[in-house]
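Student: Here you go, this is model_29.cif (mmCIF, C-alpha atoms).
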```cif
data_work
#
loop_
_atom_site.label_atom_id
_atom_site.label_comp_id
_atom_site.auth_asym_id
_atom_site.auth_seq_id
_atom_site.Cartn_x
_atom_site.Cartn_y
_atom_site.Cartn_z
CA MET A 22 2.79 -21.66 -0.33
CA HIS A 23 2.58 -21.32 -4.11
CA GLY A 24 0.50 -18.12 -3.82
CA ARG A 25 3.15 -16.33 -1.79
CA HIS A 26 5.90 -17.14 -4.27
CA SER A 27 3.87 -15.98 -7.24
CA PHE A 28 2.96 -12.80 -5.34
CA GLY A 29 6.64 -12.04 -4.70
CA LEU A 30 7.67 -12.84 -8.26
CA PHE A 31 4.92 -10.62 -9.63
CA PHE A 32 5.94 -7.60 -7.58
CA GLY A 33 9.61 -8.21 -8.33
CA TRP A 34 8.78 -8.16 -12.03
CA VAL A 35 6.69 -5.00 -11.57
CA GLY A 36 9.54 -3.29 -9.73
CA PHE A 37 11.97 -4.17 -12.50
CA THR A 38 9.50 -2.80 -15.06
CA PHE A 39 9.18 0.46 -13.10
CA LEU A 40 12.96 0.70 -13.02
CA LYS A 41 13.11 0.52 -16.82
CA VAL A 42 10.10 2.77 -17.55
CA ALA A 43 10.63 5.63 -15.09
CA LYS A 44 12.76 8.57 -16.13
CA ASN A 45 13.72 9.50 -12.57
CA GLN A 46 13.33 8.34 -8.98
CA LEU A 47 10.21 10.44 -8.36
CA GLN A 48 8.34 8.77 -11.22
CA ALA A 49 9.34 5.34 -9.96
CA MET A 50 8.10 6.18 -6.45
CA GLN A 51 4.78 7.46 -7.80
CA MET A 52 4.22 4.37 -9.93
CA THR A 53 5.05 2.16 -6.97
CA PHE A 54 2.69 4.07 -4.70
CA PHE A 55 -0.24 3.84 -7.10
CA LEU A 56 0.25 0.10 -7.53
CA PHE A 57 1.09 -0.97 -3.99
CA MET A 58 -1.41 1.16 -2.04
CA PRO A 59 -4.52 -0.65 -3.36
CA SER A 60 -2.85 -4.02 -2.79
CA ILE A 61 -2.07 -3.09 0.82
CA LEU A 62 -5.67 -2.00 1.35
CA LEU A 63 -7.06 -5.18 -0.20
CA LEU A 64 -4.76 -7.69 1.51
CA GLY A 65 -5.89 -7.07 5.07
CA PHE A 66 -2.97 -5.03 6.38
CA MET A 67 -5.14 -2.00 7.15
CA PHE A 68 -8.60 -3.59 7.35
CA PRO A 69 -9.61 -7.06 8.53
CA PHE A 70 -10.52 -9.70 5.95
CA TRP A 71 -14.07 -10.21 7.18
CA THR A 72 -15.04 -6.61 6.26
CA MET A 73 -14.24 -7.21 2.58
CA PRO A 74 -17.02 -7.86 0.03
CA TRP A 75 -17.58 -11.59 -0.46
CA GLY A 76 -16.31 -11.57 -4.07
CA SER A 77 -12.99 -9.96 -3.12
CA LEU A 78 -12.70 -12.17 -0.06
CA SER A 79 -13.06 -15.36 -2.11
CA ILE A 80 -10.31 -14.20 -4.51
CA VAL A 81 -7.93 -13.35 -1.67
CA LYS A 82 -8.64 -16.64 0.12
CA SER A 83 -7.97 -18.66 -3.04
CA GLU A 84 -4.68 -16.83 -3.65
CA LEU A 85 -3.45 -17.20 -0.08
CA GLY A 86 -4.66 -20.76 0.27
CA VAL A 87 -6.74 -19.97 3.37
#
```
Show the structure stored in the file as structure tokens.

Tutor:
Amino acid sequence: MHGRHSFGLFFGWVGFTFLKVAKNQLQAMQMTFFLFMPSILLLGFMFPFWTMPWGSLSIVKSELGV
């Protein structure tokens, strides 16, 4: 359960940082896209966990508590 809370707090902090750094909405959307797209690909939303390399899989499992 702790991993999910830290994950949410991290991305909330990142979103707030993007809000302060970006000069307009387009820049904020681009920064968000380039940060969130790799995390979506690596967290099993688009590809199953068992196809990940073993090093990445062990990191994800430790963070999610699986």

Student: Between CA of Gln48 in chain A and CA of Phe28 in chain A, measure the distance and give it in Å to one decimal.

Tutor: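 Here the two named atoms are 23.0 Å from each other.
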
Student: Can you tell me, as a VMD selection string, what residues are no more than 12 Å from Met50 in chain A when counting all atoms listed in the file, ignoring any on the same chain fewer than 6 positions away?

Tutor: chain A and resid 36 39 to 40 42 to 44 56 to 58

Student: Selected residues, C-alpha atoms, written as a PDB file, keeping the file's coordinate frame, please.

Tutor:
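The new file out.pdb reads:
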```pdb
ATOM      1  CA  GLY A  36       9.540  -3.290  -9.730  1.00  0.00           C
ATOM      2  CA  PHE A  39       9.180   0.460 -13.100  1.00  0.00           C
ATOM      3  CA  LEU A  40      12.960   0.700 -13.020  1.00  0.00           C
ATOM      4  CA  VAL A  42      10.100   2.770 -17.550  1.00  0.00           C
ATOM      5  CA  ALA A  43      10.630   5.630 -15.090  1.00  0.00           C
ATOM      6  CA  LYS A  44      12.760   8.570 -16.130  1.00  0.00           C
ATOM      7  CA  LEU A  56       0.250   0.100  -7.530  1.00  0.00           C
ATOM      8  CA  PHE A  57       1.090  -0.970  -3.990  1.00  0.00           C
ATOM      9  CA  MET A  58      -1.410   1.160  -2.040  1.00  0.00           C
TER      10      MET A  58
END
```

Student: By how many Å are CA of Asn45 in chain A and CA of Phe32 in chain A apart?

Tutor: 19.4 Å

Student: In Å to one decimal, how far is CA of Gly29 in chain A from CA of Ser83 in chain A?

Tutor: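 Straight-line distance from CA of Ser83 in chain A to CA of Gly29 in chain A works out to 16.1 Å.
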
Student: For range 80-83 of chain A, I'd like the enclosing box, axis-aligned and padded by 4 Å on every side, reported as lines of an AutoDock Vina configuration file with centre and edge lengths in Å to one decimal.

Tutor:
```
center_x = -9.1
center_y = -16.0
center_z = -2.2
size_x = 10.4
size_y = 13.3
size_z = 12.6
```
